[in-house]
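Contents: one structure, followed by commentary.
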Amino acid sequence: MSEYQPAAYYLPHASPMVLVEQVLMVSDEEAHCRVRVSHDGALAPFLNPQGALPAWFGMEMIAQTIGVWSGWHGRQQHQQTPRPGMLLGGRGYRCQQPAFPADSVLDIRVSLLMRDEKIGSFDGVITLDGDTWASGRLNTYQPDNQELQQLMQQGIQE
């Protein structure tokens, strides 16, 4: 089994916006990350008073697992820093409960369905103790350097 860096190494995010902690596996078509719902972990700023994580954060955790997949592959091609990507949308995101429980360990897995130079589509699943708690299909876009520069310029002008 390969040794992986923490998830933040593969993402263009900075704390506190990194919502996944461990990278367990990355392959050509899959990635598997893990995070604990706890007051001393990455999710701490987002927990409700009972220490649970609202279910809608699941979509971002799936998106960041896709980001880990992309960043890991970029590092394999000797990219110095992870490239930003954008979430275009999600289809059929469902969570079994309104929140992920306090002190639970969430396994987030993504599977590549389709990808070209810029657009990707992935199925994502979040499990807790082997049971599926959330799932959905996410579509992503990775701008090239010129598009990214244009987007940044537009944001500065606005």
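By convention here, the chains of the structure tokens are called A, B, ... in the order presented, each chain's residues are numbered starting at 1, and ligands are numbered starting at 1 in the order presented.
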
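The neighbours of Val105 (chain A) here are the residues that come within 10 Å of it, using only C-alpha atoms and leaving out any residue fewer than 2 positions away in the same chain; they are Arg34, Val35, Arg36, Val37, Ser38, Phe100, Pro101, Ala102, Asp103, Asp107, Ile108, Ile126, Thr127, Leu128 and Asp129 of chain A.
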
Restricting the output to N, CA, C and O atoms, write the selected residues as a PDB file, in the first residue's frame.
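The file below, selection_19.pdb, is the result:
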ATOM      1  N   ARG A  34     -11.069   9.820   4.387  1.00  0.00           N
ATOM      2  CA  ARG A  34     -11.734   9.605   5.676  1.00  0.00           C
ATOM      3  C   ARG A  34     -11.625  10.873   6.516  1.00  0.00           C
ATOM      4  O   ARG A  34     -10.642  11.603   6.431  1.00  0.00           O
ATOM      5  N   VAL A  35     -12.644  11.086   7.339  1.00  0.00           N
ATOM      6  CA  VAL A  35     -12.629  12.202   8.287  1.00  0.00           C
ATOM      7  C   VAL A  35     -13.456  11.801   9.512  1.00  0.00           C
ATOM      8  O   VAL A  35     -14.429  11.055   9.404  1.00  0.00           O
ATOM      9  N   ARG A  36     -13.041  12.284  10.662  1.00  0.00           N
ATOM     10  CA  ARG A  36     -13.785  12.041  11.906  1.00  0.00           C
ATOM     11  C   ARG A  36     -14.587  13.289  12.244  1.00  0.00           C
ATOM     12  O   ARG A  36     -14.086  14.401  12.150  1.00  0.00           O
ATOM     13  N   VAL A  37     -15.837  13.084  12.634  1.00  0.00           N
ATOM     14  CA  VAL A  37     -16.702  14.173  13.075  1.00  0.00           C
ATOM     15  C   VAL A  37     -16.385  14.410  14.552  1.00  0.00           C
ATOM     16  O   VAL A  37     -16.890  13.704  15.422  1.00  0.00           O
ATOM     17  N   SER A  38     -15.490  15.369  14.825  1.00  0.00           N
ATOM     18  CA  SER A  38     -15.080  15.605  16.212  1.00  0.00           C
ATOM     19  C   SER A  38     -14.675  17.066  16.412  1.00  0.00           C
ATOM     20  O   SER A  38     -14.329  17.763  15.455  1.00  0.00           O
ATOM     21  N   PHE A 100     -24.524  14.048  10.199  1.00  0.00           N
ATOM     22  CA  PHE A 100     -23.599  12.956  10.489  1.00  0.00           C
ATOM     23  C   PHE A 100     -23.294  13.022  11.984  1.00  0.00           C
ATOM     24  O   PHE A 100     -22.930  14.094  12.495  1.00  0.00           O
ATOM     25  N   PRO A 101     -23.432  11.924  12.737  1.00  0.00           N
ATOM     26  CA  PRO A 101     -23.342  11.966  14.192  1.00  0.00           C
ATOM     27  C   PRO A 101     -21.958  12.324  14.731  1.00  0.00           C
ATOM     28  O   PRO A 101     -20.933  12.036  14.117  1.00  0.00           O
ATOM     29  N   ALA A 102     -21.968  12.929  15.909  1.00  0.00           N
ATOM     30  CA  ALA A 102     -20.733  13.272  16.615  1.00  0.00           C
ATOM     31  C   ALA A 102     -19.885  12.025  16.823  1.00  0.00           C
ATOM     32  O   ALA A 102     -20.415  10.931  17.046  1.00  0.00           O
ATOM     33  N   ASP A 103     -18.583  12.192  16.712  1.00  0.00           N
ATOM     34  CA  ASP A 103     -17.592  11.143  16.938  1.00  0.00           C
ATOM     35  C   ASP A 103     -17.661   9.984  15.942  1.00  0.00           C
ATOM     36  O   ASP A 103     -17.081   8.924  16.183  1.00  0.00           O
ATOM     37  N   ASP A 107     -16.277   7.540   5.816  1.00  0.00           N
ATOM     38  CA  ASP A 107     -15.482   7.098   4.671  1.00  0.00           C
ATOM     39  C   ASP A 107     -16.132   7.678   3.428  1.00  0.00           C
ATOM     40  O   ASP A 107     -17.323   7.461   3.186  1.00  0.00           O
ATOM     41  N   ILE A 108     -15.348   8.425   2.651  1.00  0.00           N
ATOM     42  CA  ILE A 108     -15.845   9.063   1.441  1.00  0.00           C
ATOM     43  C   ILE A 108     -15.133   8.420   0.257  1.00  0.00           C
ATOM     44  O   ILE A 108     -13.907   8.417   0.192  1.00  0.00           O
ATOM     45  N   ILE A 126     -20.769   8.260   0.899  1.00  0.00           N
ATOM     46  CA  ILE A 126     -20.238   8.424   2.254  1.00  0.00           C
ATOM     47  C   ILE A 126     -20.830   7.315   3.110  1.00  0.00           C
ATOM     48  O   ILE A 126     -22.051   7.165   3.190  1.00  0.00           O
ATOM     49  N   THR A 127     -19.943   6.530   3.711  1.00  0.00           N
ATOM     50  CA  THR A 127     -20.397   5.443   4.575  1.00  0.00           C
ATOM     51  C   THR A 127     -19.943   5.689   6.010  1.00  0.00           C
ATOM     52  O   THR A 127     -18.943   6.356   6.260  1.00  0.00           O
ATOM     53  N   LEU A 128     -20.710   5.114   6.913  1.00  0.00           N
ATOM     54  CA  LEU A 128     -20.422   5.171   8.344  1.00  0.00           C
ATOM     55  C   LEU A 128     -20.565   3.737   8.846  1.00  0.00           C
ATOM     56  O   LEU A 128     -21.651   3.161   8.721  1.00  0.00           O
ATOM     57  N   ASP A 129     -19.492   3.172   9.341  1.00  0.00           N
ATOM     58  CA  ASP A 129     -19.488   1.773   9.797  1.00  0.00           C
ATOM     59  C   ASP A 129     -20.009   0.824   8.714  1.00  0.00           C
ATOM     60  O   ASP A 129     -20.741  -0.122   9.009  1.00  0.00           O
TER      61      ASP A 129
END

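Within 12 Å of Glu29 (chain A), once only C-alpha atoms are used and residues closer than 3 positions along the same chain are dropped, the contacting residues are Met25, Val26, His32, Ile66, Trp69, Ser70, Trp72, His73, Arg109, Val110, Ser111, Leu112, Leu113, Met114, Arg115, Gly120, Ser121, Phe122, Asp123 and Gly124 of chain A.
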
Self-check item: All residues 12 Å or closer to Tyr9 (chain A), only C-alpha atoms, same chain fewer than 5 positions away omitted, as number ranges by chain
Solution: A: 4, 14-15, 18, 20-23, 64, 67-72, 74-75, 79-83

Quiz item: Which is closer to Asn145 (chain A) than all the others in A:Pro84, A:Leu24, A:Met17, A:Leu53, using only C-alpha atoms?
Solution: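 Answer, going by the shortest atom-to-atom distance: A:Pro84.
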
Self-check item: Selected residue, from A:Pro45, A:Pro98, A:Pro12, A:Gly136, that lies nearest to Met86 (chain A) when counting only C-alpha atoms
Solution: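 Smallest separation from Met86 (chain A) among the options: A:Pro12.
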